[in-house]
Amino acid sequence: MSMNDLPQVAFGVLNIDSSFTEESLASTLRKMDLSEVMQLKVTNGELTKFRLPQDIVFPKLMSCLFISETAVFFVSEEVNSDTEAEMVKGKLTEIDVDLATSFPLIEQLTIAEYPNLSSVELFHGKDSDNLRTVNVSNSFESFKAFSQFSSHILDHSPNLKDLMYSWLLFEDGKNHVLEVSLDKCPQLEAIFCQSIDAFSSIHIRCEKKHRMKGLAIQETAGLTTIRLDPTITIEESLNVVDYRKEARLHAAISSISACKRITLSARCWRELGVENVKFENLTDLNVLRSSGMLNQHFKRYVLEGEYTKDEALEGQDSILRTLGHPENFPCLEVFICEFVQDFGLFIDLLNQLPNIISFEVVDKTSVEPIELDKPCKIQTLRIDTGQYPQIKISNQDSLDDISICCIPKCSSIEISDCSNLTMIDAYDFEGKMSFSFRNCPELIGLRLEYVDSIESLFIDESCKNLRELTIGSNKPFDMKLPESLLDNLHSVSLREIDELSASFSSAKVFYLFSEPSLKCLELRNTDNLTHLYVKAFPTKFTIGETPKLRYVQASEGSQVYTHFQKMLARLDTENPLKSYSTIDSITDEFSKLGDFFGGKVYQNDETEYCHFEGDKKCPICLEDLTEKCTLLPCGHPLHDECLKELLKDSGDCPLCNTKLREQQFELKAFENF
């Protein structure tokens, strides 16, 4: 193999792909210059053994990834074991690398999608002093093989900081115990586990005091026990959400009370007994229901272990009792709760917290209307996934941002008298909806999207600062809004309306998608419009002057598309770019008309010429301008043919970006799928 035939290192990355074989791996690497390799990726899913002799050294390598290039992570249909075996084809059974010798500076190690691994030797009795992060996903055939690997990692990585295990399911069954000894890794800061179905228990041990930044255990199918020794303190983030309500977190209060962010299921929260515990540093608290779980058989996310009505009330009562001690949450800013049967009770308690900013309600079992009319301290309110028939929010001076989504039973939303509200997002509604927005003088953005049917929409003239309006209805509706409100909008996006005739003197961007229903579209006072998108076939279309227009996209064959097509044709006729003959020498018979970049324009009789005094190269093709040239408005010359090619893709000078015509915009048609 010649040097030219050797695999290439691109941007510091060497890929061990299908061009390598087990037999050629070592010999090929010995011929290569490995001094600049920063990352090694082993993606050849056909390799069964990866053995790296100790004389092969990557002196600057910091990251090594074993990731099968044939792996398929997600599919939507049911699969059997044979099909799954075909989808995940990483055949690697053995890895043998002396990290300390061959990868002396390695910081990150990833092993993913190699479920046949039975032997991994990385240390040969030596420590890997720089290894900081280890990530294992869907790999190892047995608990024994994984356990040996995990034990060696902890024994020989004294500076390990991040440990991540995910999608672990071994051939030798479940109900295994995952033990992590922090005494072996005094620098370990974060542990992340997700869908480790092979384990029924996790025990994080430490004889000495140890401070961790984070612990996250998600999608806990089959996991019943999570145990932390009392010597361990988590300072940043704790995230444990049980699945099917099976997992139990066993931890001392001292282990979690210093956390800044906590996400737990209601059951874990209640069983920890934290009602009278002070969380001095806690800024974010999330109390959730069952976690989403990627089913290993169907390969799609499912939810199980749902709470009954009584269990939901128990969860709510426990949370309310905890929040009833506001002195225990001096720093709490963000609260997300999936157990909110009584919205008013939560607002009363949150008002007592000194620094609360945001409240997110996610409770799909609640069927009572939400009415917030007493002043509260919350600045951001999100209402998500509930059965609320109505939502009314009024008399709020602190509220800045409202988001409401996935409320299938809701029929009306009324928001009024919110003096500092700037943004409203509401989306994903079934059935007929009525919206009303009154006396919100600071409202800047209003987005109503994925609404099945808008029965009525009212926005009063007090919303004079509204700049962005998005209305996405699945069925046509009659949009009647104050003319003064529409005139102040900078961005407009509409879907499925019958007709529109309005002034948009401030609008820069206008979207309208209403193919089956739009009858009439009249846009007036469009002097500031720069971008126009109309996917529709109005029977009548008129638009005002558009001196700043830069881009139009419309349905081909529509009146809108035809209008701008004719406008471009007229611009070509009215403002043609002038072509000149070139001349090498000037006599007294020539009179000077002007200058351009690189020369001067002269006239003799009725003919005008370009005379170059320096470089004559065309900026497009770089060939000399010998017989004819076209002068752009900015004064740059180029070939006539090169100009034609340029106009296919751009309306700007390639050298200075000046527009080629006084008004030049791009016109495109929507593609039909």
# chains A, B, ... in the order shown; residues from 1 in each chain; ligands from 1
>>> select_by_dssp(residues="stretch 347-495 of chain A", states="strand (DSSP E)", output="VMD selection string")
chain A and resid 358 to 362 370 to 372 380 to 384 390 to 396 401 to 405 412 to 418 423 to 438 445 to 459 468 to 477 491 to 495
>>> write_last_selection(atoms="C-alpha atoms", output="PDB file, in the first residue's frame")
ATOM      1  CA  SER A 358     -41.787  30.159  36.883  1.00  0.00           C
ATOM      2  CA  PHE A 359     -44.616  27.648  37.388  1.00  0.00           C
ATOM      3  CA  GLU A 360     -45.355  24.804  34.965  1.00  0.00           C
ATOM      4  CA  VAL A 361     -48.539  22.761  35.395  1.00  0.00           C
ATOM      5  CA  VAL A 362     -48.660  19.330  33.751  1.00  0.00           C
ATOM      6  CA  ILE A 370     -58.198  27.154  35.597  1.00  0.00           C
ATOM      7  CA  GLU A 371     -58.915  30.668  36.798  1.00  0.00           C
ATOM      8  CA  LEU A 372     -56.110  32.939  37.911  1.00  0.00           C
ATOM      9  CA  THR A 380     -43.594  32.643  33.494  1.00  0.00           C
ATOM     10  CA  LEU A 381     -46.632  30.335  33.461  1.00  0.00           C
ATOM     11  CA  ARG A 382     -46.893  27.148  31.403  1.00  0.00           C
ATOM     12  CA  ILE A 383     -50.053  25.014  31.343  1.00  0.00           C
ATOM     13  CA  ASP A 384     -49.508  21.716  29.568  1.00  0.00           C
ATOM     14  CA  GLN A 390     -61.640  26.818  30.269  1.00  0.00           C
ATOM     15  CA  ILE A 391     -58.637  28.966  31.150  1.00  0.00           C
ATOM     16  CA  LYS A 392     -58.995  32.525  32.454  1.00  0.00           C
ATOM     17  CA  ILE A 393     -56.039  34.670  33.498  1.00  0.00           C
ATOM     18  CA  SER A 394     -56.453  38.278  34.643  1.00  0.00           C
ATOM     19  CA  ASN A 395     -55.171  41.035  36.939  1.00  0.00           C
ATOM     20  CA  GLN A 396     -51.481  40.077  36.728  1.00  0.00           C
ATOM     21  CA  ASP A 401     -44.765  34.919  29.451  1.00  0.00           C
ATOM     22  CA  ILE A 402     -47.698  32.482  29.107  1.00  0.00           C
ATOM     23  CA  SER A 403     -47.562  29.135  27.302  1.00  0.00           C
ATOM     24  CA  ILE A 404     -50.621  26.872  26.981  1.00  0.00           C
ATOM     25  CA  CYS A 405     -50.518  23.625  25.006  1.00  0.00           C
ATOM     26  CA  SER A 412     -61.952  29.031  25.544  1.00  0.00           C
ATOM     27  CA  ILE A 413     -58.920  31.003  26.691  1.00  0.00           C
ATOM     28  CA  GLU A 414     -59.347  34.508  28.099  1.00  0.00           C
ATOM     29  CA  ILE A 415     -56.388  36.667  29.104  1.00  0.00           C
ATOM     30  CA  SER A 416     -56.937  40.222  30.304  1.00  0.00           C
ATOM     31  CA  ASP A 417     -55.490  43.037  32.397  1.00  0.00           C
ATOM     32  CA  CYS A 418     -51.906  41.764  32.414  1.00  0.00           C
ATOM     33  CA  MET A 423     -45.553  36.821  25.013  1.00  0.00           C
ATOM     34  CA  ILE A 424     -48.429  34.335  24.628  1.00  0.00           C
ATOM     35  CA  ASP A 425     -47.925  30.890  23.078  1.00  0.00           C
ATOM     36  CA  ALA A 426     -50.966  28.624  22.697  1.00  0.00           C
ATOM     37  CA  TYR A 427     -50.959  25.514  20.549  1.00  0.00           C
ATOM     38  CA  ASP A 428     -52.357  22.041  19.932  1.00  0.00           C
ATOM     39  CA  PHE A 429     -56.109  22.276  20.588  1.00  0.00           C
ATOM     40  CA  GLU A 430     -58.898  19.953  19.472  1.00  0.00           C
ATOM     41  CA  GLY A 431     -62.429  21.085  18.624  1.00  0.00           C
ATOM     42  CA  LYS A 432     -63.705  24.661  18.496  1.00  0.00           C
ATOM     43  CA  MET A 433     -61.769  27.340  20.357  1.00  0.00           C
ATOM     44  CA  SER A 434     -62.525  30.909  21.391  1.00  0.00           C
ATOM     45  CA  PHE A 435     -59.686  33.296  22.219  1.00  0.00           C
ATOM     46  CA  SER A 436     -59.903  36.684  23.890  1.00  0.00           C
ATOM     47  CA  PHE A 437     -57.014  39.022  24.735  1.00  0.00           C
ATOM     48  CA  ARG A 438     -57.782  42.359  26.384  1.00  0.00           C
ATOM     49  CA  GLY A 445     -45.832  38.289  20.457  1.00  0.00           C
ATOM     50  CA  LEU A 446     -48.994  36.179  20.070  1.00  0.00           C
ATOM     51  CA  ARG A 447     -48.789  32.676  18.599  1.00  0.00           C
ATOM     52  CA  LEU A 448     -51.876  30.461  18.204  1.00  0.00           C
ATOM     53  CA  GLU A 449     -50.871  27.283  16.373  1.00  0.00           C
ATOM     54  CA  TYR A 450     -52.288  23.838  15.588  1.00  0.00           C
ATOM     55  CA  VAL A 451     -55.817  24.880  16.486  1.00  0.00           C
ATOM     56  CA  ASP A 452     -58.428  22.572  14.987  1.00  0.00           C
ATOM     57  CA  SER A 453     -61.040  25.308  14.625  1.00  0.00           C
ATOM     58  CA  ILE A 454     -61.157  28.952  15.745  1.00  0.00           C
ATOM     59  CA  GLU A 455     -64.732  29.918  16.546  1.00  0.00           C
ATOM     60  CA  SER A 456     -63.856  33.451  17.608  1.00  0.00           C
ATOM     61  CA  LEU A 457     -60.738  35.561  18.082  1.00  0.00           C
ATOM     62  CA  PHE A 458     -60.748  38.925  19.836  1.00  0.00           C
ATOM     63  CA  ILE A 459     -57.741  41.187  20.391  1.00  0.00           C
ATOM     64  CA  GLU A 468     -45.534  39.266  15.936  1.00  0.00           C
ATOM     65  CA  LEU A 469     -48.834  37.525  15.149  1.00  0.00           C
ATOM     66  CA  THR A 470     -49.120  33.827  14.258  1.00  0.00           C
ATOM     67  CA  ILE A 471     -52.521  32.192  13.770  1.00  0.00           C
ATOM     68  CA  GLY A 472     -52.561  28.568  12.654  1.00  0.00           C
ATOM     69  CA  SER A 473     -56.097  27.213  12.312  1.00  0.00           C
ATOM     70  CA  ASN A 474     -56.798  23.898  10.584  1.00  0.00           C
ATOM     71  CA  LYS A 475     -60.161  25.196   9.364  1.00  0.00           C
ATOM     72  CA  PRO A 476     -61.021  28.534   7.724  1.00  0.00           C
ATOM     73  CA  PHE A 477     -62.160  31.326  10.025  1.00  0.00           C
ATOM     74  CA  SER A 491     -44.207  39.697  11.333  1.00  0.00           C
ATOM     75  CA  VAL A 492     -47.473  38.042  10.275  1.00  0.00           C
ATOM     76  CA  SER A 493     -48.117  34.308   9.831  1.00  0.00           C
ATOM     77  CA  LEU A 494     -51.638  33.101   9.003  1.00  0.00           C
ATOM     78  CA  ARG A 495     -53.178  29.767   8.068  1.00  0.00           C
TER      79      ARG A 495
END
>>> residues_around(residues="A:Glu179", least_positions_apart="6", cutoff="12 Å", atoms="only C-alpha atoms", output="ChimeraX atom specification")
/A:146-148,150-151,154,191,199-206,225-229
>>> select_by_dssp(residues="stretch 413-633 of chain A", states="alpha helix (DSSP H)", output="ChimeraX atom specification")
/A:483-487,559-574
>>> residues_around(residues="A:Glu671", least_positions_apart="2", cutoff="12 Å", atoms="only C-alpha atoms", output="PyMOL selection string")
chain A and resi 535+553-556+668-669+673
>>> residues_around(residues="stretch 164-169 of chain A", least_positions_apart="2", cutoff="6 Å", atoms="only C-alpha atoms", output="ChimeraX atom specification")
/A:135-138,191-198
>>> write_last_selection(atoms="N, CA and C atoms", output="mmCIF file, in the first residue's frame")
data_model
loop_
_atom_site.group_PDB
_atom_site.id
_atom_site.type_symbol
_atom_site.label_atom_id
_atom_site.label_comp_id
_atom_site.auth_asym_id
_atom_site.auth_seq_id
_atom_site.Cartn_x
_atom_site.Cartn_y
_atom_site.Cartn_z
ATOM 1 N N ASN A 135 -18.497 6.400 28.475
ATOM 2 C CA ASN A 135 -19.890 6.269 28.040
ATOM 3 C C ASN A 135 -20.068 4.901 27.405
ATOM 4 N N VAL A 136 -20.963 4.089 27.961
ATOM 5 C CA VAL A 136 -21.243 2.753 27.430
ATOM 6 C C VAL A 136 -22.727 2.665 27.119
ATOM 7 N N SER A 137 -23.065 2.266 25.876
ATOM 8 C CA SER A 137 -24.461 2.183 25.454
ATOM 9 C C SER A 137 -24.682 0.931 24.616
ATOM 10 N N ASN A 138 -25.681 0.140 25.013
ATOM 11 C CA ASN A 138 -26.096 -1.046 24.255
ATOM 12 C C ASN A 138 -24.908 -1.912 23.866
ATOM 13 N N ILE A 191 -22.929 10.821 37.500
ATOM 14 C CA ILE A 191 -23.314 9.488 37.041
ATOM 15 C C ILE A 191 -24.649 9.612 36.328
ATOM 16 N N PHE A 192 -24.720 9.040 35.117
ATOM 17 C CA PHE A 192 -25.948 9.073 34.328
ATOM 18 C C PHE A 192 -26.281 7.654 33.891
ATOM 19 N N CYS A 193 -27.510 7.204 34.192
ATOM 20 C CA CYS A 193 -27.968 5.880 33.780
ATOM 21 C C CYS A 193 -29.332 6.012 33.119
ATOM 22 N N GLN A 194 -29.508 5.321 31.991
ATOM 23 C CA GLN A 194 -30.780 5.366 31.276
ATOM 24 C C GLN A 194 -31.075 3.995 30.681
ATOM 25 N N SER A 195 -32.279 3.484 30.972
ATOM 26 C CA SER A 195 -32.734 2.203 30.414
ATOM 27 C C SER A 195 -31.710 1.098 30.637
ATOM 28 N N ILE A 196 -31.269 0.959 31.868
ATOM 29 C CA ILE A 196 -30.347 -0.135 32.180
ATOM 30 C C ILE A 196 -31.181 -1.302 32.716
ATOM 31 N N ASP A 197 -31.916 -1.959 31.799
ATOM 32 C CA ASP A 197 -32.899 -2.972 32.171
ATOM 33 C C ASP A 197 -32.282 -4.200 32.824
ATOM 34 N N ALA A 198 -30.978 -4.384 32.652
ATOM 35 C CA ALA A 198 -30.328 -5.559 33.222
ATOM 36 C C ALA A 198 -30.219 -5.480 34.737
#
>>> closest_residue(among="A:Gly315, A:Ser585, A:Glu23, A:Leu577", to="A:Leu647", atoms="only C-alpha atoms")
A:Leu577
>>> closest_residue(among="A:Leu632, A:Phe513, A:Asp363, A:Thr607", to="A:Phe670", atoms="only C-alpha atoms")
A:Phe513
>>> closest_residue(among="A:Thr224, A:Gly599, A:Arg321, A:Glu235", to="A:Arg248", atoms="only C-alpha atoms")
A:Thr224
>>> atom_distance(atom1="atom CA of A:Ser237", atom2="atom CA of A:Glu107")
23.0 Å
>>> residues_around(residues="stretch 104-106 of chain A", least_positions_apart="6", cutoff="7 Å", atoms="only C-alpha atoms", output="JSON, numbers by chain")
{"A": [59, 60, 61, 62, 63, 130, 131]}
>>> residues_around(residues="stretch 6-17 of chain A", least_positions_apart="5", cutoff="7 Å", atoms="only C-alpha atoms", output="JSON, numbers by chain")
{"A": [1, 36, 37, 38, 39, 40, 41, 42, 43, 44]}
>>> residues_around(residues="A:Thr263", least_positions_apart="4", cutoff="8 Å", atoms="only C-alpha atoms", output="list in words")
Leu238, Asn239, Val240, Val241, Leu285, Asn286, Val287 and Leu288 of chain A
>>> write_last_selection(atoms="C-alpha atoms", output="mmCIF file, in the first residue's frame")
data_model
loop_
_atom_site.group_PDB
_atom_site.id
_atom_site.type_symbol
_atom_site.label_atom_id
_atom_site.label_comp_id
_atom_site.auth_asym_id
_atom_site.auth_seq_id
_atom_site.Cartn_x
_atom_site.Cartn_y
_atom_site.Cartn_z
ATOM 1 C CA LEU A 238 -30.577 14.977 41.164
ATOM 2 C CA ASN A 239 -32.852 13.347 38.588
ATOM 3 C CA VAL A 240 -34.651 10.108 39.460
ATOM 4 C CA VAL A 241 -38.064 9.403 37.927
ATOM 5 C CA LEU A 285 -37.898 21.595 41.584
ATOM 6 C CA ASN A 286 -39.718 19.132 39.301
ATOM 7 C CA VAL A 287 -42.166 16.606 40.752
ATOM 8 C CA LEU A 288 -43.302 14.275 37.977
#
>>> atom_distance(atom1="atom CA of A:Ile356", atom2="atom CA of A:Thr283")
8.6 Å
